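Trainee: I'd like to ask some things about the structure below.
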Amino acid sequence: MHLVYPAVLAALLFAIGVYGVLARRNAILVLMSVELMLNAVNLNLVAFDVWLRDTLHAGQALTLFTIAVAAAEIGIGLAIVLMVHRNKGTADVDRLRDTAEDPHDSSDETSTDGTSGGTPTGEKAEATA
Amino acid sequence: MIPAAQAAAEAHGFLSPTGVEIAFLLVGLVTLGAALVTVTTRQLVHAALWLVVALGGLAVEYLLLTAEFIAWVQVLIYVGSVVVLLLFGLMLTKAPIGRSPDADSGNRPAAVAVAVAAAAALVWVVVDAFRTTWIDLDGAVQGSTKVSGEILFRHWVLPFEALSVLLLAALVGAIVLSRKKKEGER
């Protein structure tokens, strides 16, 4: 089989994933697009491993590791998205602008900056949402 | 995309591609279409279900590349658990069931531009680099369960154990993050 087939398929899948990450609003759809990008990398790894006939099969071992890391990533990512949804009332990445530099709500920005955005501000945001 | 690959194949006298190539091409088209629908559909649950088609198609591609164990791991972990987790997430964040008009953000033209540029650059480089390269799929199966188990537990034991610790850490982290805090705490 020509090596170009899996390589081109992986490149196009990666580009589709890039589009999804950039264009989607819902954080869970962004996570789906990240999965597509990771799968494109996996396809490349498997194809090159089979092509090179590596005795250690580094490509396939790395693919298994990537799949496991992706599973961990999706677990942590969904937990974070659910926590944000519980605190802010939305999973819309365009509306999560706490750390954005916006001159209009600079008073709110200081209180919710970084990881210190705790329960009181979260409840306030949930009440307004 | 595909015409470029076909042209490269025909330039080397591959007038009749092998059956594996044809199957790979067809399944690849299905995978690409499902991935496109996944990132463009306005119905959020449908996106997750089309993701199943894309990931299943990739599992078939792994099978065609004789990496059997990877294919079944792909089916088990991605189709079996990741998509179910994503559906859980969609339900728990009260995603709208019908079509939601605001599924795409305002920077969609920029996203299209970046994606097309990335696709063009990657495909050009890849086709240019591997025009004359063929994968030899004959002979012993490259990724049967026996082979994968042997290399994984003979040469890759230490990364494997580190990965299990990482998974445990991720599990604990997810539990801590999603635990409901009591009133007096924090």
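In the structure tokens, chains take letters A, B, ... by order of appearance, with residues numbered from 1 within each chain and ligands from 1 in the order shown.
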Chain A residues within 8 Å of chain B, counting only C-alpha atoms: which ones, as a ChimeraX atom specification?
Mentor: /A:1-5,7-9,11-20,22-26,28-29,32-33,36,39,43,46-47,50-51,53,56-57,60-61,63-65,67-69,71-76,78-80,82-83,85,90-91,94
Trainee: Which value, in Å to one decimal, gives the distance between CA of Gln43 in chain B and CA of Pro96 in chain B?
Mentor: 7.9 Å
Trainee: Using DSSP on the backbone coordinates, identify the residues of range 5-156 of chain B assigned to strand (DSSP E or B); present them as a list in words.
Mentor: Gln43, Arg99, Asp104 and Trp134 of chain B
Trainee: Deliver the residues from the most recent selection as a file, using C-alpha atoms, as a PDB file, in the first residue's frame.
Mentor:
ATOM      1  CA  GLN B  43     -26.953  19.243  16.477  1.00  0.00           C
ATOM      2  CA  ARG B  99     -30.343  22.135  16.339  1.00  0.00           C
ATOM      3  CA  ASP B 104     -20.180  27.831  15.721  1.00  0.00           C
ATOM      4  CA  TRP B 134       5.192   1.807  -0.306  1.00  0.00           C
TER       5      TRP B 134
END
Trainee: Please return, as a compact mmCIF listing (two decimals) with N, CA, C and O atoms, in the first residue's frame, all residues of chain B that DSSP assigns to alpha helix (DSSP H) on the basis of the backbone.
Mentor:
# COMPACT_ATOMS: atom_id res chain seq x y z
N ILE B 2 -7.30 13.42 -2.32
CA ILE B 2 -7.27 12.06 -2.85
C ILE B 2 -6.77 12.04 -4.29
O ILE B 2 -5.98 11.16 -4.64
N PRO B 3 -7.20 12.98 -5.16
CA PRO B 3 -6.64 12.97 -6.52
C PRO B 3 -5.13 13.07 -6.54
O PRO B 3 -4.47 12.44 -7.38
N ALA B 4 -4.56 13.84 -5.64
CA ALA B 4 -3.10 13.95 -5.58
C ALA B 4 -2.49 12.59 -5.28
O ALA B 4 -1.51 12.18 -5.92
N ALA B 5 -3.09 11.88 -4.34
CA ALA B 5 -2.58 10.56 -3.99
C ALA B 5 -2.71 9.61 -5.18
O ALA B 5 -1.79 8.84 -5.49
N GLN B 6 -3.86 9.72 -5.88
CA GLN B 6 -4.05 8.84 -7.02
C GLN B 6 -3.05 9.17 -8.12
O GLN B 6 -2.48 8.27 -8.74
N ALA B 7 -2.81 10.46 -8.32
CA ALA B 7 -1.85 10.86 -9.35
C ALA B 7 -0.46 10.33 -9.01
O ALA B 7 0.25 9.82 -9.87
N ALA B 8 -0.11 10.42 -7.73
CA ALA B 8 1.20 9.93 -7.31
C ALA B 8 1.29 8.43 -7.53
O ALA B 8 2.32 7.91 -7.96
N ALA B 9 0.18 7.73 -7.28
CA ALA B 9 0.20 6.28 -7.46
C ALA B 9 0.30 5.93 -8.94
O ALA B 9 1.04 5.03 -9.31
N GLU B 10 -0.43 6.69 -9.77
CA GLU B 10 -0.42 6.37 -11.19
C GLU B 10 0.92 6.72 -11.83
O GLU B 10 1.33 6.09 -12.80
N ALA B 11 1.59 7.71 -11.26
CA ALA B 11 2.89 8.08 -11.82
C ALA B 11 3.89 6.94 -11.68
O ALA B 11 4.87 6.88 -12.42
N GLY B 19 -6.45 -4.35 -3.59
CA GLY B 19 -7.72 -4.33 -2.90
C GLY B 19 -7.64 -3.62 -1.57
O GLY B 19 -8.56 -2.92 -1.16
N VAL B 20 -6.50 -3.79 -0.90
CA VAL B 20 -6.33 -3.12 0.39
C VAL B 20 -6.35 -1.61 0.21
O VAL B 20 -6.94 -0.87 1.00
N GLU B 21 -5.72 -1.15 -0.89
CA GLU B 21 -5.70 0.29 -1.12
C GLU B 21 -7.09 0.83 -1.39
O GLU B 21 -7.46 1.90 -0.90
N ILE B 22 -7.85 0.08 -2.19
CA ILE B 22 -9.21 0.54 -2.50
C ILE B 22 -10.04 0.59 -1.22
O ILE B 22 -10.75 1.57 -0.96
N ALA B 23 -9.92 -0.46 -0.42
CA ALA B 23 -10.67 -0.47 0.83
C ALA B 23 -10.24 0.67 1.73
O ALA B 23 -11.07 1.36 2.34
N PHE B 24 -8.92 0.91 1.79
CA PHE B 24 -8.41 2.01 2.62
C PHE B 24 -8.96 3.33 2.14
O PHE B 24 -9.37 4.18 2.95
N LEU B 25 -9.00 3.51 0.82
CA LEU B 25 -9.49 4.77 0.26
C LEU B 25 -10.96 4.97 0.59
O LEU B 25 -11.37 6.06 1.03
N LEU B 26 -11.76 3.93 0.42
CA LEU B 26 -13.20 4.08 0.66
C LEU B 26 -13.47 4.35 2.13
O LEU B 26 -14.23 5.27 2.48
N VAL B 27 -12.83 3.56 3.00
CA VAL B 27 -13.05 3.77 4.44
C VAL B 27 -12.51 5.13 4.85
O VAL B 27 -13.10 5.82 5.70
N GLY B 28 -11.42 5.56 4.22
CA GLY B 28 -10.88 6.88 4.53
C GLY B 28 -11.84 7.98 4.13
O GLY B 28 -11.99 8.97 4.87
N LEU B 29 -12.51 7.83 2.99
CA LEU B 29 -13.50 8.83 2.57
C LEU B 29 -14.64 8.89 3.58
O LEU B 29 -15.09 9.98 3.96
N VAL B 30 -15.10 7.72 4.02
CA VAL B 30 -16.18 7.69 5.01
C VAL B 30 -15.73 8.37 6.30
O VAL B 30 -16.45 9.18 6.90
N THR B 31 -14.48 8.07 6.71
CA THR B 31 -13.95 8.67 7.94
C THR B 31 -13.87 10.19 7.83
O THR B 31 -14.27 10.91 8.74
N LEU B 32 -13.36 10.65 6.69
CA LEU B 32 -13.24 12.09 6.50
C LEU B 32 -14.61 12.76 6.50
O LEU B 32 -14.80 13.81 7.11
N GLY B 33 -15.57 12.13 5.81
CA GLY B 33 -16.91 12.71 5.78
C GLY B 33 -17.52 12.77 7.16
O GLY B 33 -18.11 13.79 7.56
N ALA B 34 -17.36 11.69 7.93
CA ALA B 34 -17.92 11.68 9.28
C ALA B 34 -17.24 12.73 10.16
O ALA B 34 -17.91 13.43 10.95
N ALA B 35 -15.92 12.90 9.98
CA ALA B 35 -15.22 13.91 10.77
C ALA B 35 -15.70 15.31 10.40
O ALA B 35 -15.90 16.17 11.27
N LEU B 36 -15.92 15.54 9.10
CA LEU B 36 -16.42 16.85 8.66
C LEU B 36 -17.79 17.13 9.25
O LEU B 36 -18.06 18.23 9.73
N VAL B 37 -18.67 16.13 9.22
CA VAL B 37 -20.00 16.33 9.79
C VAL B 37 -19.88 16.58 11.29
O VAL B 37 -20.61 17.40 11.85
N THR B 38 -18.92 15.89 11.93
CA THR B 38 -18.75 16.07 13.37
C THR B 38 -18.44 17.52 13.72
O THR B 38 -18.97 18.07 14.68
N VAL B 39 -17.57 18.15 12.93
CA VAL B 39 -17.18 19.51 13.29
C VAL B 39 -18.09 20.57 12.69
O VAL B 39 -17.93 21.75 13.01
N THR B 40 -19.04 20.18 11.82
CA THR B 40 -19.88 21.21 11.22
C THR B 40 -21.35 21.10 11.59
O THR B 40 -22.08 22.05 11.36
N LEU B 44 -25.79 18.92 18.55
CA LEU B 44 -24.63 18.56 19.34
C LEU B 44 -24.54 17.05 19.55
O LEU B 44 -23.46 16.46 19.50
N VAL B 45 -25.69 16.40 19.77
CA VAL B 45 -25.66 14.95 20.01
C VAL B 45 -25.27 14.22 18.73
O VAL B 45 -24.54 13.22 18.76
N HIS B 46 -25.74 14.76 17.58
CA HIS B 46 -25.35 14.14 16.31
C HIS B 46 -23.85 14.21 16.10
O HIS B 46 -23.26 13.30 15.51
N ALA B 47 -23.22 15.29 16.58
CA ALA B 47 -21.76 15.40 16.45
C ALA B 47 -21.08 14.24 17.16
O ALA B 47 -20.17 13.61 16.62
N ALA B 48 -21.55 13.92 18.37
CA ALA B 48 -20.95 12.81 19.11
C ALA B 48 -21.18 11.49 18.37
O ALA B 48 -20.29 10.63 18.31
N LEU B 49 -22.37 11.33 17.77
CA LEU B 49 -22.65 10.06 17.09
C LEU B 49 -21.85 9.94 15.79
O LEU B 49 -21.42 8.84 15.43
N TRP B 50 -21.64 11.06 15.10
CA TRP B 50 -20.79 10.99 13.90
C TRP B 50 -19.34 10.75 14.28
O TRP B 50 -18.58 10.17 13.50
N LEU B 51 -18.96 11.20 15.47
CA LEU B 51 -17.61 10.91 15.94
C LEU B 51 -17.40 9.41 16.08
O LEU B 51 -16.30 8.90 15.82
N VAL B 52 -18.46 8.68 16.45
CA VAL B 52 -18.37 7.22 16.50
C VAL B 52 -18.01 6.66 15.13
O VAL B 52 -17.15 5.79 15.00
N VAL B 53 -18.67 7.19 14.09
CA VAL B 53 -18.39 6.70 12.73
C VAL B 53 -16.94 6.98 12.35
O VAL B 53 -16.23 6.12 11.82
N ALA B 54 -16.47 8.20 12.67
CA ALA B 54 -15.09 8.55 12.31
C ALA B 54 -14.09 7.65 13.04
O ALA B 54 -13.15 7.12 12.43
N LEU B 55 -14.31 7.46 14.34
CA LEU B 55 -13.36 6.65 15.11
C LEU B 55 -13.44 5.18 14.71
O LEU B 55 -12.41 4.48 14.64
N GLY B 56 -14.64 4.69 14.40
CA GLY B 56 -14.76 3.32 13.92
C GLY B 56 -14.08 3.13 12.58
O GLY B 56 -13.44 2.11 12.33
N GLY B 57 -14.21 4.14 11.70
CA GLY B 57 -13.51 4.07 10.43
C GLY B 57 -12.01 4.01 10.63
O GLY B 57 -11.30 3.26 9.94
N LEU B 58 -11.51 4.77 11.60
CA LEU B 58 -10.08 4.72 11.87
C LEU B 58 -9.67 3.34 12.39
O LEU B 58 -8.58 2.85 12.06
N ALA B 59 -10.55 2.71 13.17
CA ALA B 59 -10.25 1.35 13.64
C ALA B 59 -10.12 0.40 12.45
O ALA B 59 -9.22 -0.45 12.42
N VAL B 60 -11.02 0.57 11.46
CA VAL B 60 -10.91 -0.27 10.26
C VAL B 60 -9.61 0.00 9.52
O VAL B 60 -8.96 -0.92 9.00
N GLU B 61 -9.18 1.27 9.50
CA GLU B 61 -7.91 1.59 8.85
C GLU B 61 -6.74 0.91 9.57
O GLU B 61 -5.81 0.42 8.93
N TYR B 62 -6.81 0.87 10.90
CA TYR B 62 -5.76 0.17 11.63
C TYR B 62 -5.76 -1.32 11.27
O TYR B 62 -4.69 -1.92 11.12
N LEU B 63 -6.94 -1.88 11.13
CA LEU B 63 -7.02 -3.29 10.74
C LEU B 63 -6.39 -3.50 9.37
O LEU B 63 -5.65 -4.46 9.15
N LEU B 64 -6.66 -2.57 8.44
CA LEU B 64 -6.09 -2.71 7.09
C LEU B 64 -4.59 -2.55 7.12
O LEU B 64 -3.89 -3.08 6.27
N GLU B 68 -3.76 -5.06 14.48
CA GLU B 68 -5.04 -5.55 15.01
C GLU B 68 -5.29 -5.07 16.42
O GLU B 68 -6.39 -4.59 16.75
N PHE B 69 -4.25 -5.17 17.24
CA PHE B 69 -4.46 -4.86 18.66
C PHE B 69 -4.85 -3.39 18.84
O PHE B 69 -5.77 -3.07 19.60
N ILE B 70 -4.18 -2.51 18.08
CA ILE B 70 -4.51 -1.08 18.15
C ILE B 70 -5.96 -0.87 17.74
O ILE B 70 -6.68 -0.06 18.33
N ALA B 71 -6.39 -1.61 16.71
CA ALA B 71 -7.76 -1.44 16.23
C ALA B 71 -8.76 -1.78 17.32
O ALA B 71 -9.72 -1.04 17.56
N TRP B 72 -8.53 -2.89 18.01
CA TRP B 72 -9.51 -3.27 19.03
C TRP B 72 -9.44 -2.35 20.24
O TRP B 72 -10.45 -2.06 20.86
N VAL B 73 -8.21 -1.89 20.55
CA VAL B 73 -8.11 -0.90 21.63
C VAL B 73 -8.84 0.38 21.26
O VAL B 73 -9.53 0.98 22.09
N VAL B 83 -16.58 8.28 23.72
CA VAL B 83 -17.79 8.87 23.15
C VAL B 83 -18.93 8.85 24.17
O VAL B 83 -19.72 9.79 24.25
N VAL B 84 -18.97 7.77 24.96
CA VAL B 84 -20.00 7.72 26.01
C VAL B 84 -19.77 8.83 27.03
O VAL B 84 -20.72 9.50 27.47
N LEU B 85 -18.49 9.06 27.37
CA LEU B 85 -18.17 10.16 28.28
C LEU B 85 -18.60 11.49 27.69
O LEU B 85 -19.15 12.35 28.39
N LEU B 86 -18.34 11.67 26.38
CA LEU B 86 -18.72 12.93 25.74
C LEU B 86 -20.22 13.11 25.75
O LEU B 86 -20.72 14.22 25.98
N LEU B 87 -20.95 12.01 25.50
CA LEU B 87 -22.41 12.11 25.53
C LEU B 87 -22.89 12.46 26.94
O LEU B 87 -23.80 13.28 27.12
N PHE B 88 -22.26 11.83 27.96
CA PHE B 88 -22.58 12.18 29.34
C PHE B 88 -22.35 13.67 29.57
O PHE B 88 -23.18 14.35 30.18
N GLY B 89 -21.21 14.17 29.08
CA GLY B 89 -20.91 15.58 29.26
C GLY B 89 -21.94 16.47 28.59
O GLY B 89 -22.38 17.47 29.16
N LEU B 90 -22.35 16.07 27.37
CA LEU B 90 -23.37 16.87 26.67
C LEU B 90 -24.67 16.89 27.46
O LEU B 90 -25.32 17.93 27.59
N MET B 91 -25.04 15.73 28.01
CA MET B 91 -26.30 15.69 28.76
C MET B 91 -26.19 16.50 30.05
O MET B 91 -27.10 17.23 30.42
N LEU B 92 -25.03 16.36 30.73
CA LEU B 92 -24.90 17.01 32.04
C LEU B 92 -24.78 18.52 31.91
O LEU B 92 -25.13 19.25 32.84
N ARG B 108 -15.39 31.82 12.65
CA ARG B 108 -15.45 30.67 11.75
C ARG B 108 -14.65 30.89 10.46
O ARG B 108 -13.94 29.97 10.02
N PRO B 109 -14.72 32.07 9.82
CA PRO B 109 -13.88 32.27 8.62
C PRO B 109 -12.40 32.10 8.90
O PRO B 109 -11.67 31.46 8.11
N ALA B 110 -11.96 32.64 10.04
CA ALA B 110 -10.54 32.48 10.39
C ALA B 110 -10.21 31.00 10.59
O ALA B 110 -9.15 30.52 10.16
N ALA B 111 -11.14 30.27 11.21
CA ALA B 111 -10.91 28.83 11.43
C ALA B 111 -10.82 28.10 10.10
O ALA B 111 -9.95 27.22 9.92
N VAL B 112 -11.71 28.45 9.16
CA VAL B 112 -11.66 27.81 7.84
C VAL B 112 -10.32 28.11 7.17
O VAL B 112 -9.68 27.21 6.60
N ALA B 113 -9.89 29.38 7.26
CA ALA B 113 -8.62 29.75 6.62
C ALA B 113 -7.47 28.97 7.22
O ALA B 113 -6.63 28.40 6.49
N VAL B 114 -7.41 28.90 8.55
CA VAL B 114 -6.31 28.20 9.20
C VAL B 114 -6.33 26.71 8.86
O VAL B 114 -5.29 26.10 8.55
N ALA B 115 -7.54 26.12 8.87
CA ALA B 115 -7.63 24.68 8.59
C ALA B 115 -7.24 24.38 7.16
O ALA B 115 -6.52 23.41 6.89
N VAL B 116 -7.69 25.21 6.22
CA VAL B 116 -7.35 24.96 4.82
C VAL B 116 -5.86 25.14 4.59
O VAL B 116 -5.21 24.35 3.89
N ALA B 117 -5.30 26.16 5.24
CA ALA B 117 -3.85 26.37 5.10
C ALA B 117 -3.08 25.19 5.67
O ALA B 117 -2.12 24.68 5.05
N ALA B 118 -3.51 24.72 6.85
CA ALA B 118 -2.82 23.59 7.48
C ALA B 118 -2.94 22.35 6.60
O ALA B 118 -1.96 21.62 6.39
N ALA B 119 -4.16 22.10 6.08
CA ALA B 119 -4.36 20.92 5.24
C ALA B 119 -3.50 21.00 3.99
O ALA B 119 -2.84 20.02 3.61
N ALA B 120 -3.50 22.18 3.35
CA ALA B 120 -2.73 22.31 2.11
C ALA B 120 -1.24 22.10 2.38
O ALA B 120 -0.57 21.33 1.67
N ALA B 121 -0.73 22.74 3.44
CA ALA B 121 0.70 22.61 3.71
C ALA B 121 1.07 21.17 4.05
O ALA B 121 2.03 20.61 3.50
N LEU B 122 0.27 20.54 4.93
CA LEU B 122 0.60 19.18 5.36
C LEU B 122 0.51 18.20 4.20
O LEU B 122 1.40 17.36 4.01
N VAL B 123 -0.58 18.31 3.41
CA VAL B 123 -0.75 17.35 2.31
C VAL B 123 0.34 17.53 1.28
O VAL B 123 0.91 16.56 0.76
N TRP B 124 0.69 18.80 1.00
CA TRP B 124 1.74 19.04 0.02
C TRP B 124 3.07 18.42 0.49
O TRP B 124 3.73 17.71 -0.25
N VAL B 125 3.43 18.70 1.72
CA VAL B 125 4.70 18.19 2.24
C VAL B 125 4.70 16.66 2.25
O VAL B 125 5.66 16.01 1.80
N VAL B 126 3.58 16.08 2.71
CA VAL B 126 3.53 14.62 2.85
C VAL B 126 3.58 13.93 1.50
O VAL B 126 4.33 12.96 1.30
N VAL B 127 2.81 14.46 0.53
CA VAL B 127 2.80 13.85 -0.80
C VAL B 127 4.16 14.01 -1.46
O VAL B 127 4.68 13.09 -2.10
N ASP B 128 4.76 15.18 -1.25
CA ASP B 128 6.07 15.41 -1.86
C ASP B 128 7.14 14.50 -1.25
O ASP B 128 8.05 14.05 -1.94
N ALA B 129 6.99 14.23 0.05
CA ALA B 129 8.04 13.47 0.71
C ALA B 129 7.91 11.97 0.47
O ALA B 129 8.91 11.27 0.31
N THR B 145 -1.97 -9.29 18.72
CA THR B 145 -1.95 -9.15 20.17
C THR B 145 -0.71 -9.76 20.78
O THR B 145 -0.15 -9.22 21.74
N LYS B 146 -0.24 -10.86 20.18
CA LYS B 146 0.97 -11.50 20.70
C LYS B 146 2.17 -10.56 20.57
O LYS B 146 2.90 -10.32 21.54
N VAL B 147 2.33 -10.01 19.37
CA VAL B 147 3.48 -9.12 19.13
C VAL B 147 3.38 -7.89 20.03
O VAL B 147 4.37 -7.49 20.68
N SER B 148 2.18 -7.30 20.10
CA SER B 148 2.03 -6.08 20.89
C SER B 148 2.31 -6.36 22.36
O SER B 148 2.99 -5.57 23.03
N GLY B 149 1.80 -7.49 22.87
CA GLY B 149 2.04 -7.81 24.27
C GLY B 149 3.51 -8.02 24.55
O GLY B 149 4.04 -7.55 25.56
N GLU B 150 4.18 -8.71 23.63
CA GLU B 150 5.60 -8.97 23.85
C GLU B 150 6.41 -7.68 23.88
O GLU B 150 7.21 -7.46 24.80
N ILE B 151 6.18 -6.82 22.88
CA ILE B 151 7.01 -5.60 22.88
C ILE B 151 6.61 -4.68 24.02
O ILE B 151 7.44 -3.99 24.59
N LEU B 152 5.32 -4.71 24.39
CA LEU B 152 4.88 -3.79 25.44
C LEU B 152 5.45 -4.19 26.79
O LEU B 152 5.86 -3.33 27.58
N PHE B 153 5.50 -5.48 27.07
CA PHE B 153 5.95 -5.91 28.39
C PHE B 153 7.40 -6.37 28.40
O PHE B 153 7.90 -6.80 29.44
N ARG B 154 8.09 -6.27 27.25
CA ARG B 154 9.50 -6.58 27.26
C ARG B 154 10.34 -5.31 27.14
O ARG B 154 11.32 -5.16 27.83
N VAL B 157 8.10 -1.54 29.41
CA VAL B 157 7.45 -1.76 30.70
C VAL B 157 7.44 -0.48 31.53
O VAL B 157 6.43 -0.11 32.12
N LEU B 158 8.58 0.21 31.55
CA LEU B 158 8.68 1.39 32.42
C LEU B 158 7.73 2.50 31.98
O LEU B 158 6.97 3.03 32.82
N PRO B 159 7.67 2.85 30.68
CA PRO B 159 6.65 3.83 30.27
C PRO B 159 5.23 3.36 30.57
O PRO B 159 4.37 4.17 30.94
N PHE B 160 5.02 2.05 30.42
CA PHE B 160 3.69 1.50 30.69
C PHE B 160 3.28 1.73 32.14
O PHE B 160 2.16 2.18 32.44
N GLU B 161 4.22 1.47 33.06
CA GLU B 161 3.90 1.68 34.48
C GLU B 161 3.70 3.16 34.79
O GLU B 161 2.79 3.53 35.54
N ALA B 162 4.56 4.00 34.18
CA ALA B 162 4.39 5.44 34.39
C ALA B 162 3.03 5.89 33.89
O ALA B 162 2.35 6.72 34.52
N LEU B 163 2.59 5.29 32.78
CA LEU B 163 1.29 5.65 32.23
C LEU B 163 0.16 5.22 33.16
O LEU B 163 -0.84 5.92 33.30
N SER B 164 0.33 4.07 33.81
CA SER B 164 -0.73 3.65 34.73
C SER B 164 -0.81 4.61 35.91
O SER B 164 -1.91 4.92 36.39
N VAL B 165 0.35 5.11 36.37
CA VAL B 165 0.32 6.11 37.45
C VAL B 165 -0.36 7.38 36.97
O VAL B 165 -1.15 8.00 37.70
N LEU B 166 -0.09 7.76 35.70
CA LEU B 166 -0.74 8.95 35.15
C LEU B 166 -2.25 8.77 35.10
O LEU B 166 -3.02 9.68 35.44
N LEU B 167 -2.69 7.58 34.69
CA LEU B 167 -4.14 7.33 34.63
C LEU B 167 -4.75 7.41 36.02
O LEU B 167 -5.85 7.96 36.19
N LEU B 168 -4.02 6.88 37.02
CA LEU B 168 -4.54 6.95 38.38
C LEU B 168 -4.65 8.41 38.83
O LEU B 168 -5.66 8.82 39.43
N ALA B 169 -3.61 9.20 38.50
CA ALA B 169 -3.64 10.61 38.87
C ALA B 169 -4.81 11.32 38.19
O ALA B 169 -5.50 12.15 38.80
N ALA B 170 -5.04 10.98 36.91
CA ALA B 170 -6.16 11.60 36.21
C ALA B 170 -7.49 11.22 36.83
O ALA B 170 -8.40 12.05 36.96
N LEU B 171 -7.59 9.96 37.25
CA LEU B 171 -8.82 9.49 37.89
C LEU B 171 -9.08 10.27 39.17
O LEU B 171 -10.19 10.78 39.40
N VAL B 172 -8.02 10.37 40.02
CA VAL B 172 -8.18 11.09 41.27
C VAL B 172 -8.51 12.56 41.00
O VAL B 172 -9.39 13.16 41.64
N GLY B 173 -7.83 13.13 40.00
CA GLY B 173 -8.09 14.54 39.67
C GLY B 173 -9.52 14.77 39.21
O GLY B 173 -10.16 15.74 39.61
N ALA B 174 -10.03 13.86 38.37
CA ALA B 174 -11.41 14.01 37.90
C ALA B 174 -12.39 13.90 39.05
O ALA B 174 -13.37 14.66 39.13
N ILE B 175 -12.11 12.98 39.99
CA ILE B 175 -13.02 12.83 41.13
C ILE B 175 -13.00 14.10 41.99
O ILE B 175 -14.04 14.63 42.39
N VAL B 176 -11.78 14.62 42.23
CA VAL B 176 -11.67 15.82 43.06
C VAL B 176 -12.37 16.99 42.40
O VAL B 176 -13.08 17.77 43.05
N LEU B 177 -12.21 17.10 41.07
CA LEU B 177 -12.80 18.24 40.37
C LEU B 177 -14.32 18.17 40.36
O LEU B 177 -14.99 19.19 40.50
N SER B 178 -14.86 16.98 40.18
CA SER B 178 -16.30 16.89 39.98
C SER B 178 -17.05 16.65 41.29
O SER B 178 -18.27 16.54 41.27
Trainee: Please compute the CA of Leu38 in chain A-CA of Ala70 in chain A distance, one decimal, in Å.
Mentor: 7.4 Å
